[in-house]
Structure formats: C-alpha cells, structure tokens
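Quick notes on the structure that follows.
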Amino acid sequence: LARSLAPLPARADPEIPEQVKHSLAQLVATGTARIGPALGSEVTSSGTGFFVGTDGYILTTAHLFDPLKEANAANTKITAGFEGTGTGTVEVLYVSELASLDLVLLRASVSNGIAVPPSLEIGDSKDVDLGSPELLTSGFDLTGYRKKSLELNSTSNRLANFAWTLNGKTNFGASGSPVYIGKDGAPLVVGILKATAV
C-alpha cells in the first residue's frame with residue numbers, strides 16, 4: 001500500500017478500537033511443504049481475523065493460506081489466539097472460501113470454558129460517508145495489537161463495484177483485520193484489510 005498511515009483522527013471515539021480488540025483473533029496456519037525450496041520444512045503464515053456471529057465463526061483473507069498452497073503443504077493446522085485463550089490457542093476449522101473477494105470463513109473450536117468473543121457488526125457501503133470517511137483498522141502484526149486510520153484512495157475496484165481502495169502501510173500479519181467506522185458509539189465493519197504490493 002502506497003503511503004504511511006495517518007494517526008487516528010482526533011474525532012474518533014478512542015473506545016471503539018478497544019471494543020474491536022475484544023473481537024479479534026490472531027491466526028497462524030502451518031503445514032509441511034511437499035514441493036518447492038522449503039520441501040520437508042514447516043511453512044507458516046499468520047494474519048488477523050475477526051469474530052462474526054455467535055458460534056465461533058471468524059472472517060479473514062484467503063491469501064493468508066497462499067504460502068501453504070504454494071508449498072502444497074501437508075498436515076496443515078490453523079490456530080487462533082484471542083482474549084479468552086490467554087497465552088494459549090485453539091484449533092480453527094476451515095469452513096468456506098469466496099476466492100473472488102479474497103475472503104475465508106473459519107470456525108474456532110471453543111470448549112473447556114473458553115467463551116466466544118463478541119461478534120463485530122457487519123455494515124453496508126451506504127454506511128460510509130465517502131466525502132469525509134473516518135475509516136479505522138485494528139489488528140495484529142509482529143509487534144502486537146495496533147490501531148490505525150486509513151485514507152480512501154478510490155471508490156472503484158476491479159473486483160467488485162462496491163469495493164474501495166485504501167491508502168495505508170500495513171505490516172506482516174495485519175491482513176484480515178476489519179476496516180470499520182464508529183456508529184452510535186460502536187464499531188461497524190465496512191471492509192477487510194488486504195495488503196497489496198503497491
């Protein structure tokens with residue numbers, strides 16, 4: 001992504017990113033490479049996801065799994081860490097994929113008293129004021145939890161007529177983070193962060 005992220009807007013409710021933090025999952029996918037330069041070695045990819053619904057479902061980007069697909073990885077495993085797991089993780093199951101939009105739906109195997117984190121509400125493109133958007137994102141990178149603001153770059157996108165391009169610099173692991181606005185004192189998800197090279 002082309003430019004550095006701006007600091008959070010002064011008018012943003014500082015409580016909203018903290019609400020989002022409670023609904024995030026730090027995802028790690030691993031497997032043993034069967035082809036390529038890493039043959040026989042463990043391949044790892046990490047990203048961010050967020051809980052939707054009440055049954056442990058997690059939404060993230062499909063390209064999280066590209067390194068494993070490229071290595072034709074065997075013995076693949078997905079785990080998630082979130083507030084209820086403390087320093088541990090839970091197993092995550094792959095549910096479905098919408099490849100054209102780079103989306104994957106996962107489901108965390110929550111048991112043994114681990115509570116499902118609160119779900120984030122999914123909004124609609126009409127909820128965003130394109131003239132003065134206040135778009136925020138929160139997720140994990142190699143340094144931990146980070147919250148940032150994003151800048152609208154274009155209202156057109158080759159993948160879908162309701163998708164937008166955003167300007168911002170992301171770090172490894174942040175893809176899959178929700179893009180959201182504040183509405184009535186709560187976060188409303190209006191997109192998902194997908195890092196690109198330019």
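Ordering of the structure tokens sets the chain letters (A, B, ...); residue numbers start at 1 within each chain; ligands are numbered from 1 in the order shown.
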request  = Tell me, as JSON, numbers by chain, which residues lie within 10 Å of Val52 (chain A), counting only C-alpha atoms; anything in the same chain fewer than 6 positions away does not count.
outcome  = {"A": [23, 24, 58, 59, 105, 106, 107, 117, 118, 119, 120, 121, 122]}
Which polymer residues have any atom within 9 Å of an atom of Ser175 (chain A), counting only C-alpha atoms, with same-chain residues fewer than 2 positions away left out, as a PDB file with N, CA, C and O atoms, in the first residue's frame?
ATOM      1  N   SER A  46       0.802 -16.067   9.046  1.00  0.00           N
ATOM      2  CA  SER A  46      -0.020 -15.513  10.124  1.00  0.00           C
ATOM      3  C   SER A  46      -0.828 -14.333   9.630  1.00  0.00           C
ATOM      4  O   SER A  46      -0.473 -13.673   8.654  1.00  0.00           O
ATOM      5  N   GLY A  47      -1.927 -14.079  10.303  1.00  0.00           N
ATOM      6  CA  GLY A  47      -2.801 -12.976   9.931  1.00  0.00           C
ATOM      7  C   GLY A  47      -3.766 -12.668  11.053  1.00  0.00           C
ATOM      8  O   GLY A  47      -3.707 -13.258  12.139  1.00  0.00           O
ATOM      9  N   THR A  48      -4.670 -11.765  10.778  1.00  0.00           N
ATOM     10  CA  THR A  48      -5.691 -11.350  11.736  1.00  0.00           C
ATOM     11  C   THR A  48      -7.055 -11.767  11.216  1.00  0.00           C
ATOM     12  O   THR A  48      -7.280 -11.794  10.007  1.00  0.00           O
ATOM     13  N   GLY A  49      -7.949 -12.102  12.111  1.00  0.00           N
ATOM     14  CA  GLY A  49      -9.338 -12.372  11.767  1.00  0.00           C
ATOM     15  C   GLY A  49     -10.231 -11.721  12.800  1.00  0.00           C
ATOM     16  O   GLY A  49      -9.760 -11.262  13.841  1.00  0.00           O
ATOM     17  N   THR A  60     -11.591 -13.754   7.622  1.00  0.00           N
ATOM     18  CA  THR A  60     -10.245 -13.284   7.341  1.00  0.00           C
ATOM     19  C   THR A  60     -10.010 -13.312   5.832  1.00  0.00           C
ATOM     20  O   THR A  60     -10.930 -13.608   5.065  1.00  0.00           O
ATOM     21  N   THR A  61      -8.783 -13.009   5.411  1.00  0.00           N
ATOM     22  CA  THR A  61      -8.450 -13.019   3.987  1.00  0.00           C
ATOM     23  C   THR A  61      -7.977 -14.404   3.558  1.00  0.00           C
ATOM     24  O   THR A  61      -7.269 -15.089   4.290  1.00  0.00           O
ATOM     25  N   HIS A  63      -5.824 -15.036   1.236  1.00  0.00           N
ATOM     26  CA  HIS A  63      -4.399 -15.122   0.903  1.00  0.00           C
ATOM     27  C   HIS A  63      -3.525 -15.458   2.101  1.00  0.00           C
ATOM     28  O   HIS A  63      -2.333 -15.722   1.951  1.00  0.00           O
ATOM     29  N   LEU A  64      -4.108 -15.499   3.295  1.00  0.00           N
ATOM     30  CA  LEU A  64      -3.383 -15.997   4.464  1.00  0.00           C
ATOM     31  C   LEU A  64      -2.819 -17.398   4.191  1.00  0.00           C
ATOM     32  O   LEU A  64      -1.744 -17.759   4.661  1.00  0.00           O
ATOM     33  N   GLY A 139      -5.682  -4.586  14.252  1.00  0.00           N
ATOM     34  CA  GLY A 139      -5.279  -5.967  14.043  1.00  0.00           C
ATOM     35  C   GLY A 139      -3.923  -6.231  14.649  1.00  0.00           C
ATOM     36  O   GLY A 139      -3.387  -5.410  15.394  1.00  0.00           O
ATOM     37  N   PHE A 140      -3.365  -7.387  14.334  1.00  0.00           N
ATOM     38  CA  PHE A 140      -2.091  -7.807  14.894  1.00  0.00           C
ATOM     39  C   PHE A 140      -1.011  -7.788  13.820  1.00  0.00           C
ATOM     40  O   PHE A 140      -1.263  -8.110  12.662  1.00  0.00           O
ATOM     41  N   ASP A 141       0.184  -7.388  14.225  1.00  0.00           N
ATOM     42  CA  ASP A 141       1.347  -7.591  13.378  1.00  0.00           C
ATOM     43  C   ASP A 141       2.433  -8.176  14.271  1.00  0.00           C
ATOM     44  O   ASP A 141       2.151  -8.634  15.393  1.00  0.00           O
ATOM     45  N   THR A 170       0.749  -1.367   5.793  1.00  0.00           N
ATOM     46  CA  THR A 170       0.449  -2.439   6.730  1.00  0.00           C
ATOM     47  C   THR A 170       1.707  -3.247   6.999  1.00  0.00           C
ATOM     48  O   THR A 170       2.638  -3.263   6.201  1.00  0.00           O
ATOM     49  N   ASN A 171       1.719  -3.920   8.106  1.00  0.00           N
ATOM     50  CA  ASN A 171       2.825  -4.787   8.481  1.00  0.00           C
ATOM     51  C   ASN A 171       2.407  -6.247   8.365  1.00  0.00           C
ATOM     52  O   ASN A 171       1.217  -6.570   8.333  1.00  0.00           O
ATOM     53  N   PHE A 172       3.379  -7.131   8.325  1.00  0.00           N
ATOM     54  CA  PHE A 172       3.119  -8.565   8.205  1.00  0.00           C
ATOM     55  C   PHE A 172       2.166  -9.017   9.316  1.00  0.00           C
ATOM     56  O   PHE A 172       2.375  -8.715  10.480  1.00  0.00           O
ATOM     57  N   GLY A 173       1.121  -9.736   8.929  1.00  0.00           N
ATOM     58  CA  GLY A 173       0.166 -10.249   9.904  1.00  0.00           C
ATOM     59  C   GLY A 173      -1.095  -9.432  10.043  1.00  0.00           C
ATOM     60  O   GLY A 173      -2.051  -9.859  10.679  1.00  0.00           O
ATOM     61  N   SER A 177      -7.550  -7.896   9.006  1.00  0.00           N
ATOM     62  CA  SER A 177      -8.088  -7.007  10.042  1.00  0.00           C
ATOM     63  C   SER A 177      -9.355  -6.325   9.529  1.00  0.00           C
ATOM     64  O   SER A 177      -9.460  -6.012   8.346  1.00  0.00           O
ATOM     65  N   PRO A 178     -10.311  -6.079  10.410  1.00  0.00           N
ATOM     66  CA  PRO A 178     -11.507  -5.362   9.969  1.00  0.00           C
ATOM     67  C   PRO A 178     -11.210  -3.897   9.692  1.00  0.00           C
ATOM     68  O   PRO A 178     -10.377  -3.285  10.354  1.00  0.00           O
ATOM     69  N   ILE A 192     -12.470  -5.199   4.877  1.00  0.00           N
ATOM     70  CA  ILE A 192     -11.433  -6.052   5.431  1.00  0.00           C
ATOM     71  C   ILE A 192     -10.102  -5.648   4.806  1.00  0.00           C
ATOM     72  O   ILE A 192     -10.040  -5.314   3.626  1.00  0.00           O
ATOM     73  N   LEU A 193      -9.076  -5.626   5.625  1.00  0.00           N
ATOM     74  CA  LEU A 193      -7.763  -5.155   5.175  1.00  0.00           C
ATOM     75  C   LEU A 193      -7.058  -6.237   4.356  1.00  0.00           C
ATOM     76  O   LEU A 193      -6.888  -7.357   4.818  1.00  0.00           O
ATOM     77  N   LYS A 194      -6.681  -5.857   3.156  1.00  0.00           N
ATOM     78  CA  LYS A 194      -5.942  -6.755   2.267  1.00  0.00           C
ATOM     79  C   LYS A 194      -4.714  -6.008   1.776  1.00  0.00           C
ATOM     80  O   LYS A 194      -4.822  -5.014   1.076  1.00  0.00           O
ATOM     81  N   ALA A 195      -3.549  -6.472   2.153  1.00  0.00           N
ATOM     82  CA  ALA A 195      -2.318  -5.794   1.764  1.00  0.00           C
ATOM     83  C   ALA A 195      -1.992  -6.110   0.320  1.00  0.00           C
ATOM     84  O   ALA A 195      -2.155  -7.230  -0.150  1.00  0.00           O
TER      85      ALA A 195
END
query = With distances taken over only C-alpha atoms, which of A:Glu91, A:Glu70, A:Glu83, A:Glu134 is nearest to His22 (chain A)?
reply =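 Checking each of A:Glu91, A:Glu70, A:Glu83, A:Glu134 against His22 (chain A), counting only C-alpha atoms, the winner is A:Glu83.
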inquiry  = Using only C-alpha atoms for the distances, tell me which of A:Tyr94, A:Val190, A:Thr87, A:Phe50 is nearest to Gln19 (chain A).
reply    = A:Phe50
Once DSSP has gone over the backbone, tell me which residues of region 21-123 of chain A are in strand (DSSP E or B), as a PDB file with N, CA and C atoms, in the first residue's frame.
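Result written to result_25.pdb:
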ATOM      1  N   LEU A  24     -11.082  -9.717  18.046  1.00  0.00           N
ATOM      2  CA  LEU A  24     -10.080 -10.133  17.078  1.00  0.00           C
ATOM      3  C   LEU A  24      -9.440 -11.469  17.436  1.00  0.00           C
ATOM      4  N   ALA A  25      -8.961 -12.140  16.407  1.00  0.00           N
ATOM      5  CA  ALA A  25      -8.214 -13.390  16.582  1.00  0.00           C
ATOM      6  C   ALA A  25      -6.884 -13.269  15.855  1.00  0.00           C
ATOM      7  N   GLN A  26      -5.826 -13.723  16.496  1.00  0.00           N
ATOM      8  CA  GLN A  26      -4.510 -13.789  15.861  1.00  0.00           C
ATOM      9  C   GLN A  26      -4.361 -15.199  15.309  1.00  0.00           C
ATOM     10  N   LEU A  27      -4.295 -15.309  13.980  1.00  0.00           N
ATOM     11  CA  LEU A  27      -4.334 -16.594  13.290  1.00  0.00           C
ATOM     12  C   LEU A  27      -2.949 -17.038  12.848  1.00  0.00           C
ATOM     13  N   VAL A  28      -2.685 -18.338  12.980  1.00  0.00           N
ATOM     14  CA  VAL A  28      -1.446 -18.926  12.484  1.00  0.00           C
ATOM     15  C   VAL A  28      -1.799 -20.210  11.755  1.00  0.00           C
ATOM     16  N   ALA A  29      -1.352 -20.320  10.510  1.00  0.00           N
ATOM     17  CA  ALA A  29      -1.556 -21.533   9.711  1.00  0.00           C
ATOM     18  C   ALA A  29      -0.190 -22.168   9.464  1.00  0.00           C
ATOM     19  N   THR A  30      -0.083 -23.478   9.693  1.00  0.00           N
ATOM     20  CA  THR A  30       1.184 -24.174   9.492  1.00  0.00           C
ATOM     21  C   THR A  30       0.951 -25.464   8.711  1.00  0.00           C
ATOM     22  N   GLY A  31       2.024 -25.937   8.085  1.00  0.00           N
ATOM     23  CA  GLY A  31       1.976 -27.201   7.358  1.00  0.00           C
ATOM     24  C   GLY A  31       3.377 -27.573   6.905  1.00  0.00           C
ATOM     25  N   THR A  32       3.532 -28.810   6.453  1.00  0.00           N
ATOM     26  CA  THR A  32       4.828 -29.294   5.977  1.00  0.00           C
ATOM     27  C   THR A  32       4.867 -29.209   4.460  1.00  0.00           C
ATOM     28  N   GLU A  42       8.639 -26.884   7.792  1.00  0.00           N
ATOM     29  CA  GLU A  42       7.361 -26.295   8.178  1.00  0.00           C
ATOM     30  C   GLU A  42       7.187 -24.928   7.520  1.00  0.00           C
ATOM     31  N   VAL A  43       6.027 -24.723   6.939  1.00  0.00           N
ATOM     32  CA  VAL A  43       5.657 -23.439   6.343  1.00  0.00           C
ATOM     33  C   VAL A  43       4.644 -22.787   7.281  1.00  0.00           C
ATOM     34  N   THR A  44       4.842 -21.501   7.558  1.00  0.00           N
ATOM     35  CA  THR A  44       3.965 -20.789   8.486  1.00  0.00           C
ATOM     36  C   THR A  44       3.477 -19.492   7.865  1.00  0.00           C
ATOM     37  N   SER A  45       2.230 -19.168   8.128  1.00  0.00           N
ATOM     38  CA  SER A  45       1.666 -17.896   7.704  1.00  0.00           C
ATOM     39  C   SER A  45       0.783 -17.375   8.838  1.00  0.00           C
ATOM     40  N   SER A  46       0.802 -16.067   9.046  1.00  0.00           N
ATOM     41  CA  SER A  46      -0.020 -15.513  10.124  1.00  0.00           C
ATOM     42  C   SER A  46      -0.828 -14.333   9.630  1.00  0.00           C
ATOM     43  N   GLY A  47      -1.927 -14.079  10.303  1.00  0.00           N
ATOM     44  CA  GLY A  47      -2.801 -12.976   9.931  1.00  0.00           C
ATOM     45  C   GLY A  47      -3.766 -12.668  11.053  1.00  0.00           C
ATOM     46  N   THR A  48      -4.670 -11.765  10.778  1.00  0.00           N
ATOM     47  CA  THR A  48      -5.691 -11.350  11.736  1.00  0.00           C
ATOM     48  C   THR A  48      -7.055 -11.767  11.216  1.00  0.00           C
ATOM     49  N   GLY A  49      -7.949 -12.102  12.111  1.00  0.00           N
ATOM     50  CA  GLY A  49      -9.338 -12.372  11.767  1.00  0.00           C
ATOM     51  C   GLY A  49     -10.231 -11.721  12.800  1.00  0.00           C
ATOM     52  N   PHE A  50     -11.523 -11.686  12.519  1.00  0.00           N
ATOM     53  CA  PHE A  50     -12.452 -11.127  13.494  1.00  0.00           C
ATOM     54  C   PHE A  50     -13.712 -11.971  13.561  1.00  0.00           C
ATOM     55  N   PHE A  51     -14.287 -12.022  14.761  1.00  0.00           N
ATOM     56  CA  PHE A  51     -15.439 -12.881  15.012  1.00  0.00           C
ATOM     57  C   PHE A  51     -16.719 -12.259  14.462  1.00  0.00           C
ATOM     58  N   VAL A  52     -17.502 -13.108  13.802  1.00  0.00           N
ATOM     59  CA  VAL A  52     -18.814 -12.730  13.280  1.00  0.00           C
ATOM     60  C   VAL A  52     -19.815 -13.790  13.730  1.00  0.00           C
ATOM     61  N   TYR A  57     -17.462 -18.239  14.542  1.00  0.00           N
ATOM     62  CA  TYR A  57     -17.035 -18.009  13.160  1.00  0.00           C
ATOM     63  C   TYR A  57     -16.096 -16.806  13.084  1.00  0.00           C
ATOM     64  N   ILE A  58     -15.076 -16.929  12.246  1.00  0.00           N
ATOM     65  CA  ILE A  58     -14.050 -15.907  12.072  1.00  0.00           C
ATOM     66  C   ILE A  58     -13.921 -15.592  10.585  1.00  0.00           C
ATOM     67  N   LEU A  59     -13.881 -14.319  10.250  1.00  0.00           N
ATOM     68  CA  LEU A  59     -13.690 -13.884   8.871  1.00  0.00           C
ATOM     69  C   LEU A  59     -12.266 -13.373   8.716  1.00  0.00           C
ATOM     70  N   THR A  60     -11.591 -13.754   7.622  1.00  0.00           N
ATOM     71  CA  THR A  60     -10.245 -13.284   7.341  1.00  0.00           C
ATOM     72  C   THR A  60     -10.010 -13.312   5.832  1.00  0.00           C
ATOM     73  N   THR A  61      -8.783 -13.009   5.411  1.00  0.00           N
ATOM     74  CA  THR A  61      -8.450 -13.019   3.987  1.00  0.00           C
ATOM     75  C   THR A  61      -7.977 -14.404   3.558  1.00  0.00           C
ATOM     76  N   ALA A  74       1.279 -30.382   3.638  1.00  0.00           N
ATOM     77  CA  ALA A  74       0.565 -31.495   4.271  1.00  0.00           C
ATOM     78  C   ALA A  74       0.467 -31.210   5.771  1.00  0.00           C
ATOM     79  N   ASN A  75      -0.396 -31.949   6.437  1.00  0.00           N
ATOM     80  CA  ASN A  75      -0.559 -31.820   7.893  1.00  0.00           C
ATOM     81  C   ASN A  75      -0.826 -30.370   8.304  1.00  0.00           C
ATOM     82  N   THR A  76      -1.697 -29.715   7.551  1.00  0.00           N
ATOM     83  CA  THR A  76      -1.979 -28.313   7.836  1.00  0.00           C
ATOM     84  C   THR A  76      -2.787 -28.161   9.121  1.00  0.00           C
ATOM     85  N   LYS A  77      -2.536 -27.072   9.785  1.00  0.00           N
ATOM     86  CA  LYS A  77      -3.202 -26.793  11.052  1.00  0.00           C
ATOM     87  C   LYS A  77      -3.395 -25.285  11.158  1.00  0.00           C
ATOM     88  N   ILE A  78      -4.565 -24.874  11.641  1.00  0.00           N
ATOM     89  CA  ILE A  78      -4.843 -23.449  11.866  1.00  0.00           C
ATOM     90  C   ILE A  78      -5.164 -23.277  13.348  1.00  0.00           C
ATOM     91  N   THR A  79      -4.531 -22.285  13.968  1.00  0.00           N
ATOM     92  CA  THR A  79      -4.826 -21.990  15.367  1.00  0.00           C
ATOM     93  C   THR A  79      -5.149 -20.508  15.511  1.00  0.00           C
ATOM     94  N   ALA A  80      -5.852 -20.190  16.588  1.00  0.00           N
ATOM     95  CA  ALA A  80      -6.212 -18.796  16.870  1.00  0.00           C
ATOM     96  C   ALA A  80      -5.982 -18.500  18.336  1.00  0.00           C
ATOM     97  N   GLY A  81      -5.403 -17.345  18.585  1.00  0.00           N
ATOM     98  CA  GLY A  81      -5.305 -16.819  19.931  1.00  0.00           C
ATOM     99  C   GLY A  81      -6.192 -15.595  20.034  1.00  0.00           C
ATOM    100  N   VAL A  90      -6.513 -22.003  20.256  1.00  0.00           N
ATOM    101  CA  VAL A  90      -7.487 -23.066  19.985  1.00  0.00           C
ATOM    102  C   VAL A  90      -7.372 -23.457  18.515  1.00  0.00           C
ATOM    103  N   GLU A  91      -7.807 -24.667  18.213  1.00  0.00           N
ATOM    104  CA  GLU A  91      -7.807 -25.125  16.828  1.00  0.00           C
ATOM    105  C   GLU A  91      -8.912 -24.422  16.057  1.00  0.00           C
ATOM    106  N   VAL A  92      -8.641 -24.175  14.781  1.00  0.00           N
ATOM    107  CA  VAL A  92      -9.608 -23.494  13.923  1.00  0.00           C
ATOM    108  C   VAL A  92      -9.855 -24.355  12.694  1.00  0.00           C
ATOM    109  N   LEU A  93     -11.120 -24.455  12.292  1.00  0.00           N
ATOM    110  CA  LEU A  93     -11.503 -25.241  11.119  1.00  0.00           C
ATOM    111  C   LEU A  93     -11.787 -24.328   9.931  1.00  0.00           C
ATOM    112  N   TYR A  94     -11.418 -24.784   8.758  1.00  0.00           N
ATOM    113  CA  TYR A  94     -11.655 -24.071   7.506  1.00  0.00           C
ATOM    114  C   TYR A  94     -13.083 -24.377   7.072  1.00  0.00           C
ATOM    115  N   VAL A  95     -13.931 -23.370   6.911  1.00  0.00           N
ATOM    116  CA  VAL A  95     -15.345 -23.592   6.585  1.00  0.00           C
ATOM    117  C   VAL A  95     -15.609 -23.385   5.099  1.00  0.00           C
ATOM    118  N   SER A  96     -15.323 -22.194   4.578  1.00  0.00           N
ATOM    119  CA  SER A  96     -15.591 -21.920   3.165  1.00  0.00           C
ATOM    120  C   SER A  96     -14.766 -20.731   2.700  1.00  0.00           C
ATOM    121  N   GLU A  97     -14.706 -20.574   1.375  1.00  0.00           N
ATOM    122  CA  GLU A  97     -13.892 -19.514   0.780  1.00  0.00           C
ATOM    123  C   GLU A  97     -14.665 -18.825  -0.335  1.00  0.00           C
ATOM    124  N   LEU A  98     -14.501 -17.518  -0.417  1.00  0.00           N
ATOM    125  CA  LEU A  98     -15.010 -16.724  -1.526  1.00  0.00           C
ATOM    126  C   LEU A  98     -13.782 -16.119  -2.199  1.00  0.00           C
ATOM    127  N   LEU A 103     -11.796 -13.794   0.582  1.00  0.00           N
ATOM    128  CA  LEU A 103     -12.373 -13.982   1.911  1.00  0.00           C
ATOM    129  C   LEU A 103     -12.439 -15.457   2.277  1.00  0.00           C
ATOM    130  N   VAL A 104     -12.219 -15.745   3.544  1.00  0.00           N
ATOM    131  CA  VAL A 104     -12.349 -17.096   4.076  1.00  0.00           C
ATOM    132  C   VAL A 104     -13.141 -17.030   5.375  1.00  0.00           C
ATOM    133  N   LEU A 105     -14.016 -18.003   5.558  1.00  0.00           N
ATOM    134  CA  LEU A 105     -14.753 -18.148   6.806  1.00  0.00           C
ATOM    135  C   LEU A 105     -14.172 -19.346   7.553  1.00  0.00           C
ATOM    136  N   LEU A 106     -13.777 -19.121   8.801  1.00  0.00           N
ATOM    137  CA  LEU A 106     -13.210 -20.150   9.657  1.00  0.00           C
ATOM    138  C   LEU A 106     -14.128 -20.337  10.866  1.00  0.00           C
ATOM    139  N   ARG A 107     -13.873 -21.388  11.635  1.00  0.00           N
ATOM    140  CA  ARG A 107     -14.633 -21.569  12.877  1.00  0.00           C
ATOM    141  C   ARG A 107     -13.707 -22.061  13.973  1.00  0.00           C
ATOM    142  N   ALA A 108     -13.657 -21.307  15.063  1.00  0.00           N
ATOM    143  CA  ALA A 108     -12.819 -21.672  16.203  1.00  0.00           C
ATOM    144  C   ALA A 108     -13.497 -22.772  17.008  1.00  0.00           C
ATOM    145  N   GLU A 121     -20.353  -6.202  14.280  1.00  0.00           N
ATOM    146  CA  GLU A 121     -21.480  -5.996  13.373  1.00  0.00           C
ATOM    147  C   GLU A 121     -20.965  -5.642  11.977  1.00  0.00           C
ATOM    148  N   ILE A 122     -21.538  -6.289  10.967  1.00  0.00           N
ATOM    149  CA  ILE A 122     -21.159  -6.024   9.584  1.00  0.00           C
ATOM    150  C   ILE A 122     -22.093  -4.956   9.025  1.00  0.00           C
TER     151      ILE A 122
END
task = Using CA of Ser149 (chain A) and CA of Phe65 (chain A) as the two end points, give the distance in Å to one decimal.
result = 26.0 Å
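Using only C-alpha atoms, the contacts of Ile181 (chain A) at a cut-off of 7 Å, with sequence neighbours closer than 6 positions omitted, comprise Glu134, Leu135, Leu136, Pro187, Leu188 and Val189 of chain A.
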